[in-house]
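Colleague: First, the structure itself, so that you have it in front of you.
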Amino acid sequence: MVAERLVRAFWPLWTVVLLALAPLMFGWQDWLPLEAFWTLVVVFGLAFATALLWGARRFKMPLEAEAIARVDAAMPGRPIAAMADAQAIGRGDPASEAVWKAHVARMEARSREAKAIEPDLRIADRDPYGLRFMALLFFVTALMFGSLLRVGKVGDVASGGQVLATGPTWEAWVEPPAYTGKPALYLNDIPQGGLSVPVGSKITLRLYGEVGALTVAETISGRTEDLGAASDSQQTFLAKTSGQLAIDGENGATWAVTVVADEAPFVELTGPVEADAEGEMSQPFVAQDDYGVESGTATLALDLAAVDRRHGLAVDPDLMEPLVLDLPMPFNGDRADFEAFLVENLSTHPLANMPVTLALQVVDAAGQVGQSPAEPLVLPGRRFFQPFAKAIIEQRRDIMWSRTNAPRAAQIMRAISHRPEGLFSNEVTYLRMRAIIRRLETFKAAQDGLTAEGQAEIVQALWDLAIQLEDGTLADARERLRRAQERLAEAMRDGASKAEIEELMQELRAATDDYMHLLADQMEPSDGTDQADNSQDTNEIGQDEIQALMDRIQELMEEGRMAEAAELMDQLNALMENLRMTQGDGSGDGPKTPGQQSMEDLAETLKEQEQLSDDAFGELQDRANAQQGQQPQSGNQQGGDQQGQQGGDQQGQDGGDAEQGGQQGQGQGVGEDGTSGQQGDGGTGGEGSLAERQQALRDELQRQRDALPSLEGEAGDAAGQALERAEGAMDGAEQALKDGNLAEAIDRQAEAMDALRGGMRALNEALAQNNTAEPGQGAERGEATGRVEPTRRDPLGRELGNTGQFGTDDNLLRGEDVYRRAEELLGEIRRRSAEQARPEVERNYLRRLLDQF
């Protein structure tokens, strides 16, 4: 109780004391004017007296009765007061007196359990603004950065600066540069001897007493001018070289000062540059400095000696200023030693895909520069796989290389657009290219030629055209796939129902199928020259594995394991983002399965049907031209504009199939006899030859239907029905060709192609569901990459071993409620693993089964 009353009465007193000590420890008395110092002393003196008087009036020593009442109040029933009470009712009644005695006895027993009461020192209700904490903060800060010795020098100031009987005194400080992050040093607290300070540290000395009683001698500033007198009362200089600092005189001191130099920063590349499919580069680097790097830049300059000076690069290039990029710096953390990545997408820059030199440069706070050697590399840019898009990008590069290449680029683009059939996916891309050509020719006719503004306009237009040619309708499919992935991820976060999960997964499967089919349709045959340079191993993944991954995601979501489903969803997103369709060469591990062979045969049949449909369409155009009085062979002699219009008409009549057919139909022409044919095909044409080719295709499809593997399920039935419809459509097209009805034949051919595509999709799904790999193939090899494979999981959802076999072949999950059965099996394994009576080997095995869960 004494402690409580002292704190509550005198907390203003020790608050004032701490507030008064803090400025004195910081040395305010040394630089404040004498009037200000005395004002401060009077203010703190009055505050001290007021706080002392206030506390003395409020403090009262606690009485013994108060202490007993405090202890009594802390126990239930106030037993001490009950012991002192007298019976007021029932005196003389033996029963009442017996009850009273029992009550008193219980209170006596309870009073023996009395304990000392801990003081309650909380005074927040008396100090709502926390003034005591502010004073404590000032005092602690003064302890860290000031000195208690300075408080003893208040007497010197109070006596008008007269020297004490002990003789003259001094003070000295060392303040390192702010960028070093080191604290200031108070030399009065540092013993004589060795002393290390950063270069550029500011040293301040103050001498008190009679002038000349103390002098300063130093060899660390390197000063030759404005030295001043060694006995000046205040001296300031910078530490630049190692040497000696001495204060000579009574109570002097000497230090051997070592000035630590600021090292220049260091930077270097730590690995080769990498790039993703969209051309975004990632260059790792490391930077170091003794106190921290302030900023850095990366300079990319054209390596002219390494450029292959051919074609459009044979002329001297226009002036290309080096490209300077800011290096990324850590937002927080230590900049003294860090690793980072320079990430940029420079696909549209003139230096993209060109030999360059890369030099990194970093600067520290002292202005020192560190630079890495210039490293030669090829600046990554977006790779284009569509041949026509690659040609457009090459002309764009030549125009950026030199504006004198503009006429040459216009001539090349006019030449390749002379016969647009098969080059353009739609009329829009053809018209955009013609507009660019006309714009280039306009600049060519101008007096000043291609200006810098015109160059930028043409370069951007060519880039947009190349992107449209490369992606085409694939961009729409990719956007639909992205939306489906986002909706499914949102359902994971919100906890969707089983019906919603089923609907969203169906949407994702459909979007994935469309995306992969468009990739396959736009795939170009690989001759080994159009692939991106990549020294790293690439992993191949099939559509059945993608379907298995989506099945696993749906399974986890329906079980409520959203975190695991989200992880697999991230893997699927990354897989689809980096997916590239490749053309197999039959050199995989082991022979092709019947399912794989059927898929390849159907793809070849679809390609031949597209070519035949293009030939029939060309024959129909020639017939229409002949009716208008034009020669059949005029289609080959018309300018690029007229041919582009024909290509647009073909698109309009053949719908979506013309896009693919146009790509496959490159090299087609019109024979001298007015019939459609293919170059290299002997020029065979005529309606009879078209009908014979259609009959051969129908016979081949019949053979392929007979060779299909036996597939169970709805997908297998759907594949057979789709191929049957395709065969019927081919039969109708054959009959129409024999009758000379080309328009009807083209319609039936379009139906056949559509049915073939549907059959291939259904066959692919059926193969994934039936896992038609031959014994010893795939199942025996296992999967070293850790991919999710169909039908390769045990009843608890874990992947099987490399042998492909696990326990009995019987179906453990009979019935429809497979998830309930799986939960029962999991519970049984947990129960058995917890039974201590079982052998340790068995319990270890059971625990390994539970590791995933």
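Identifiers in this document derive from the order of the structure tokens: chains are assigned A, B, ..., residues are numbered from 1 separately in each chain, and ligands are numbered from 1 in order of occurrence.
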Would you mind listing what lies within 7 Å of stretch 9-18 of chain A as a PyMOL selection string, with only C-alpha atoms counted and same-chain residues fewer than 3 positions away left out?

Modeller: chain A and resi 5-6+21-22+47-48+51-52+55+58-59+132+135-136+139

Colleague: Residues within 7 Å of stretch 260-271 of chain A, please, as number ranges by chain. Count only C-alpha atoms; anything in the same chain fewer than 3 positions from it doesn't count.

Modeller: A: 196-199, 284-290, 293, 360-364, 368-372

Colleague: So that I have them on file, write out the residues from the current selection with N, CA and C atoms, as an mmCIF file, in the first residue's frame.

Modeller:
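Wrote selection21.cif, looks like this:
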data_model
loop_
_atom_site.group_PDB
_atom_site.id
_atom_site.type_symbol
_atom_site.label_atom_id
_atom_site.label_comp_id
_atom_site.auth_asym_id
_atom_site.auth_seq_id
_atom_site.Cartn_x
_atom_site.Cartn_y
_atom_site.Cartn_z
ATOM 1 N N SER A 196 39.133 3.281 -34.669
ATOM 2 C CA SER A 196 38.838 3.147 -36.102
ATOM 3 C C SER A 196 37.581 3.942 -36.423
ATOM 4 N N VAL A 197 37.683 4.774 -37.453
ATOM 5 C CA VAL A 197 36.543 5.587 -37.881
ATOM 6 C C VAL A 197 36.448 5.512 -39.400
ATOM 7 N N PRO A 198 35.226 5.583 -39.969
ATOM 8 C CA PRO A 198 35.091 5.600 -41.429
ATOM 9 C C PRO A 198 35.674 6.879 -42.015
ATOM 10 N N VAL A 199 36.168 6.779 -43.237
ATOM 11 C CA VAL A 199 36.700 7.955 -43.910
ATOM 12 C C VAL A 199 35.589 8.979 -44.090
ATOM 13 N N PRO A 284 20.228 -12.812 -64.022
ATOM 14 C CA PRO A 284 20.630 -12.770 -62.604
ATOM 15 C C PRO A 284 21.949 -12.018 -62.429
ATOM 16 N N PHE A 285 22.069 -11.318 -61.310
ATOM 17 C CA PHE A 285 23.309 -10.610 -60.994
ATOM 18 C C PHE A 285 23.441 -10.494 -59.481
ATOM 19 N N VAL A 286 24.648 -10.176 -59.030
ATOM 20 C CA VAL A 286 24.925 -9.984 -57.618
ATOM 21 C C VAL A 286 25.664 -8.657 -57.460
ATOM 22 N N ALA A 287 25.340 -7.916 -56.405
ATOM 23 C CA ALA A 287 25.984 -6.626 -56.125
ATOM 24 C C ALA A 287 26.403 -6.583 -54.666
ATOM 25 N N GLN A 288 27.562 -5.949 -54.397
ATOM 26 C CA GLN A 288 28.093 -5.878 -53.041
ATOM 27 C C GLN A 288 28.702 -4.505 -52.801
ATOM 28 N N ASP A 289 28.641 -4.073 -51.558
ATOM 29 C CA ASP A 289 29.306 -2.845 -51.121
ATOM 30 C C ASP A 289 29.415 -2.897 -49.612
ATOM 31 N N ASP A 290 30.460 -2.239 -49.059
ATOM 32 C CA ASP A 290 30.666 -2.329 -47.617
ATOM 33 C C ASP A 290 29.559 -1.630 -46.844
ATOM 34 N N VAL A 293 24.694 -0.559 -51.700
ATOM 35 C CA VAL A 293 24.595 0.015 -53.043
ATOM 36 C C VAL A 293 23.399 0.959 -53.089
ATOM 37 N N LEU A 360 26.958 -4.009 -66.449
ATOM 38 C CA LEU A 360 26.257 -3.532 -65.263
ATOM 39 C C LEU A 360 27.113 -2.514 -64.528
ATOM 40 N N GLN A 361 26.464 -1.537 -63.931
ATOM 41 C CA GLN A 361 27.162 -0.491 -63.191
ATOM 42 C C GLN A 361 26.363 -0.151 -61.937
ATOM 43 N N VAL A 362 27.061 -0.080 -60.791
ATOM 44 C CA VAL A 362 26.413 0.269 -59.528
ATOM 45 C C VAL A 362 27.181 1.413 -58.882
ATOM 46 N N VAL A 363 26.458 2.197 -58.080
ATOM 47 C CA VAL A 363 27.024 3.379 -57.423
ATOM 48 C C VAL A 363 26.679 3.315 -55.946
ATOM 49 N N ASP A 364 27.651 3.630 -55.073
ATOM 50 C CA ASP A 364 27.363 3.680 -53.646
ATOM 51 C C ASP A 364 27.099 5.118 -53.215
ATOM 52 N N GLN A 368 31.140 6.350 -55.493
ATOM 53 C CA GLN A 368 32.064 5.432 -56.139
ATOM 54 C C GLN A 368 31.295 4.494 -57.069
ATOM 55 N N VAL A 369 31.929 4.120 -58.151
ATOM 56 C CA VAL A 369 31.277 3.337 -59.200
ATOM 57 C C VAL A 369 31.971 1.998 -59.327
ATOM 58 N N GLY A 370 31.142 0.927 -59.439
ATOM 59 C CA GLY A 370 31.636 -0.397 -59.754
ATOM 60 C C GLY A 370 30.996 -0.889 -61.027
ATOM 61 N N GLN A 371 31.774 -1.515 -61.910
ATOM 62 C CA GLN A 371 31.252 -1.899 -63.207
ATOM 63 C C GLN A 371 31.692 -3.314 -63.541
ATOM 64 N N SER A 372 30.813 -4.068 -64.176
ATOM 65 C CA SER A 372 31.143 -5.417 -64.608
ATOM 66 C C SER A 372 31.652 -5.379 -66.040
#

Colleague: So what do you get for atom CA of A:Phe388 versus atom CA of A:Leu313, distance-wise?

Modeller: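 Atom CA of A:Phe388 sits 19.5 Å away from atom CA of A:Leu313.
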
Colleague: Provide the atom CA of A:Phe341 to atom CA of A:Asp276 distance in Å, to one decimal place.

Modeller: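 That distance, rounded to one decimal, is 14.0 Å.
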
Colleague: Just want the 10 Å neighbourhood of A:Gly200, counted on only C-alpha atoms, with same-chain residues fewer than 5 positions away dropped. Output as an NGL selection string.

Modeller: :A and (175-177 or 221 or 237-241 or 259-262 or 366)

Colleague: Go ahead and write the residues just picked, N, CA, C and O atoms, as a compact mmCIF listing (two decimals), in the first residue's frame.

Modeller:
# COMPACT_ATOMS: atom_id res chain seq x y z
N GLU A 175 31.47 11.92 -35.69
CA GLU A 175 30.21 11.65 -36.38
C GLU A 175 30.51 11.03 -37.75
O GLU A 175 30.92 11.72 -38.67
N PRO A 176 30.34 9.70 -37.89
CA PRO A 176 30.56 9.05 -39.21
C PRO A 176 29.56 9.56 -40.23
O PRO A 176 28.48 10.06 -39.88
N PRO A 177 29.86 9.44 -41.52
CA PRO A 177 28.89 9.85 -42.56
C PRO A 177 27.57 9.10 -42.38
O PRO A 177 27.53 7.95 -41.96
N SER A 221 43.47 14.96 -40.71
CA SER A 221 42.61 15.75 -41.60
C SER A 221 43.29 16.07 -42.92
O SER A 221 42.60 16.33 -43.91
N PHE A 237 36.94 19.22 -38.11
CA PHE A 237 37.63 18.78 -39.32
C PHE A 237 37.17 17.37 -39.66
O PHE A 237 36.50 16.70 -38.87
N LEU A 238 37.53 16.89 -40.86
CA LEU A 238 37.14 15.57 -41.36
C LEU A 238 38.32 14.63 -41.31
O LEU A 238 39.47 15.02 -41.58
N ALA A 239 38.05 13.37 -40.98
CA ALA A 239 39.09 12.34 -40.94
C ALA A 239 39.27 11.78 -42.35
O ALA A 239 38.35 11.17 -42.91
N LYS A 240 40.48 12.00 -42.91
CA LYS A 240 40.73 11.55 -44.27
C LYS A 240 41.84 10.51 -44.36
O LYS A 240 41.80 9.65 -45.24
N THR A 241 42.83 10.60 -43.49
CA THR A 241 43.92 9.63 -43.52
C THR A 241 44.20 9.16 -42.10
O THR A 241 43.88 9.85 -41.12
N VAL A 259 41.75 5.36 -40.20
CA VAL A 259 40.66 5.76 -41.08
C VAL A 259 40.37 4.60 -42.03
O VAL A 259 41.23 4.19 -42.81
N VAL A 260 39.17 4.05 -41.94
CA VAL A 260 38.76 2.90 -42.77
C VAL A 260 38.23 3.43 -44.10
O VAL A 260 37.25 4.19 -44.13
N ALA A 261 38.88 3.03 -45.18
CA ALA A 261 38.48 3.52 -46.51
C ALA A 261 37.14 2.90 -46.93
O ALA A 261 36.78 1.79 -46.52
N ASP A 262 36.41 3.63 -47.75
CA ASP A 262 35.14 3.16 -48.30
C ASP A 262 35.44 2.41 -49.59
O ASP A 262 35.89 3.00 -50.58
N ALA A 366 28.82 7.15 -51.53
CA ALA A 366 29.97 8.04 -51.64
C ALA A 366 30.25 8.44 -53.07
O ALA A 366 31.20 9.20 -53.32

Colleague: Return as a PyMOL selection string the full set of residues in stretch 53-284 of chain A whose backbone-based DSSP assignment is helix (DSSP H, G or I).

Modeller: chain A and resi 53-58+64-73+79-84+94-111+131-145+148-158+178-180+187-189

Colleague: Atom CA of A:Glu712 to atom CA of A:Ala762: how many Å, to one decimal?

Modeller: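 Pair atom CA of A:Glu712 / atom CA of A:Ala762 returns 11.7 Å.
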
Colleague: Using only C-alpha atoms, which residues sit within 10 Å of A:Trp463 once same-chain residues fewer than 3 positions away are excluded, as a CSV table (one decimal) with all heavy atoms, in the first residue's frame?

Modeller:
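part_30.csv, written as the output of this step:
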chain,number,residue,atom,x,y,z
A,347,SER,N,11.0,-7.1,-76.5
A,347,SER,CA,10.7,-7.7,-77.8
A,347,SER,C,10.5,-6.6,-78.9
A,347,SER,O,10.8,-6.9,-80.0
A,347,SER,CB,9.5,-8.6,-77.7
A,347,SER,OG,9.7,-9.6,-76.8
A,348,THR,N,10.0,-5.5,-78.5
A,348,THR,CA,9.7,-4.4,-79.5
A,348,THR,C,10.9,-3.5,-79.7
A,348,THR,O,10.8,-2.6,-80.6
A,348,THR,CB,8.5,-3.6,-79.1
A,348,THR,OG1,8.8,-3.0,-77.8
A,348,THR,CG2,7.3,-4.5,-79.0
A,389,ALA,N,4.6,-14.6,-90.3
A,389,ALA,CA,4.8,-13.7,-89.2
A,389,ALA,C,6.3,-13.4,-89.0
A,389,ALA,O,6.8,-12.3,-88.8
A,389,ALA,CB,4.2,-14.2,-87.9
A,392,ILE,N,7.5,-11.0,-91.7
A,392,ILE,CA,7.1,-9.6,-91.4
A,392,ILE,C,8.0,-9.1,-90.3
A,392,ILE,O,8.5,-7.9,-90.4
A,392,ILE,CB,5.6,-9.6,-90.9
A,392,ILE,CG1,4.7,-10.0,-92.0
A,392,ILE,CG2,5.3,-8.2,-90.4
A,392,ILE,CD1,4.7,-9.1,-93.2
A,393,ILE,N,8.3,-9.8,-89.3
A,393,ILE,CA,9.3,-9.4,-88.2
A,393,ILE,C,10.6,-9.1,-88.8
A,393,ILE,O,11.3,-8.1,-88.4
A,393,ILE,CB,9.3,-10.4,-87.1
A,393,ILE,CG1,8.0,-10.4,-86.3
A,393,ILE,CG2,10.5,-10.1,-86.2
A,393,ILE,CD1,7.7,-9.0,-85.6
A,396,ARG,N,10.5,-5.8,-90.4
A,396,ARG,CA,10.4,-4.8,-89.3
A,396,ARG,C,11.8,-4.5,-88.8
A,396,ARG,O,12.2,-3.4,-88.5
A,396,ARG,CB,9.5,-5.2,-88.2
A,396,ARG,CG,9.4,-4.3,-87.0
A,396,ARG,CD,8.5,-4.9,-86.0
A,396,ARG,NE,8.4,-4.1,-84.8
A,396,ARG,CZ,9.2,-4.2,-83.8
A,396,ARG,NH1,10.1,-5.1,-83.7
A,396,ARG,NH2,9.0,-3.3,-82.7
A,397,ARG,N,12.6,-5.6,-88.6
A,397,ARG,CA,13.9,-5.4,-88.1
A,397,ARG,C,14.8,-4.6,-89.0
A,397,ARG,O,15.6,-3.7,-88.7
A,397,ARG,CB,14.6,-6.8,-87.9
A,397,ARG,CG,16.0,-6.8,-87.4
A,397,ARG,CD,16.7,-8.1,-87.7
A,397,ARG,NE,16.8,-8.2,-89.2
A,397,ARG,CZ,17.3,-9.3,-89.8
A,397,ARG,NH1,17.7,-10.3,-89.1
A,397,ARG,NH2,17.4,-9.3,-91.1
A,458,ILE,N,5.4,2.8,-89.0
A,458,ILE,CA,5.5,1.5,-89.7
A,458,ILE,C,6.0,0.4,-88.8
A,458,ILE,O,5.4,-0.7,-88.9
A,458,ILE,CB,6.5,1.7,-90.9
A,458,ILE,CG1,5.9,2.7,-91.9
A,458,ILE,CG2,6.7,0.4,-91.6
A,458,ILE,CD1,4.6,2.4,-92.5
A,459,VAL,N,6.9,0.6,-88.0
A,459,VAL,CA,7.4,-0.4,-87.1
A,459,VAL,C,6.3,-1.0,-86.2
A,459,VAL,O,6.2,-2.2,-86.0
A,459,VAL,CB,8.6,0.1,-86.3
A,459,VAL,CG1,8.9,-0.8,-85.1
A,459,VAL,CG2,9.8,0.2,-87.1
A,460,GLN,N,5.5,0.0,-85.6
A,460,GLN,CA,4.4,-0.5,-84.8
A,460,GLN,C,3.4,-1.2,-85.5
A,460,GLN,O,2.8,-2.3,-85.1
A,460,GLN,CB,3.8,0.7,-84.1
A,460,GLN,CG,2.7,0.4,-83.1
A,460,GLN,CD,3.2,-0.5,-81.9
A,460,GLN,OE1,4.2,-0.3,-81.4
A,460,GLN,NE2,2.4,-1.5,-81.6
A,466,ALA,N,2.3,-8.8,-87.2
A,466,ALA,CA,2.9,-10.1,-86.9
A,466,ALA,C,2.3,-10.8,-85.8
A,466,ALA,O,2.1,-12.0,-85.8
A,466,ALA,CB,4.4,-9.9,-86.6
A,467,ILE,N,1.9,-10.0,-84.7
A,467,ILE,CA,1.2,-10.6,-83.6
A,467,ILE,C,-0.1,-11.2,-84.0
A,467,ILE,O,-0.5,-12.4,-83.6
A,467,ILE,CB,1.0,-9.6,-82.5
A,467,ILE,CG1,2.3,-9.1,-81.9
A,467,ILE,CG2,0.0,-10.1,-81.4
A,467,ILE,CD1,3.0,-10.2,-81.1
A,468,GLN,N,-0.9,-10.5,-84.9
A,468,GLN,CA,-2.2,-11.1,-85.3
A,468,GLN,C,-2.0,-12.3,-86.2
A,468,GLN,O,-2.7,-13.3,-86.1
A,468,GLN,CB,-2.9,-10.0,-86.1
A,468,GLN,CG,-4.3,-10.4,-86.5
A,468,GLN,CD,-5.1,-9.2,-87.1
A,468,GLN,OE1,-4.5,-8.2,-87.4
A,468,GLN,NE2,-6.4,-9.4,-87.3
A,469,LEU,N,-0.9,-12.3,-87.0
A,469,LEU,CA,-0.7,-13.5,-87.8
A,469,LEU,C,-0.2,-14.7,-87.0
A,469,LEU,O,-0.6,-15.8,-87.2
A,469,LEU,CB,0.4,-13.2,-88.9
A,469,LEU,CG,0.0,-12.3,-90.0
A,469,LEU,CD1,1.2,-11.9,-90.8
A,469,LEU,CD2,-1.0,-13.0,-90.9

Colleague: Env of A:Ala230: 7 Å cut, atoms = only C-alpha atoms, seq-sep filter 4 positions within chain, self excluded. Answer as a count of residues only.

Modeller: 3

Colleague: A:Arg414, A:Arg110, A:Arg150, A:Lys202: which is nearest A:Asp30, counting only C-alpha atoms?

Modeller: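 Smallest distance to A:Asp30 is found for A:Arg150.
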
Colleague: When you count only C-alpha atoms, which of these residues is closest to A:Leu737: A:Arg223, A:Arg693, A:Arg91, A:Arg439?

Modeller: A:Arg693

Colleague: With only C-alpha atoms as the counted atoms, please give the residues lying no more than 10 Å from stretch 487-497 of chain A, apart from itself and same-chain residues fewer than 2 positions off, as a VMD selection string.

Modeller: chain A and resid 482 to 485 499 to 505 507 to 508 554 557 to 558 560 to 563 565 to 566 569 to 570

Colleague: Restricting the calculation to only C-alpha atoms, which member of A:Leu465, A:Val151, A:Leu849, A:Leu214 is positioned closest to A:Lys390?

Modeller: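 Of all the options, A:Leu465 lies closest to A:Lys390.
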
Colleague: Within 12 Å of A:Leu195, counting only C-alpha atoms, which residues show up once you throw out same-chain ones fewer than 2 positions away? Write them as JSON, numbers by chain, please.

Modeller: {"A": [174, 185, 186, 187, 190, 191, 192, 193, 197, 198, 220, 239, 242, 243, 244, 245, 254, 255, 256, 257, 258, 259, 260]}
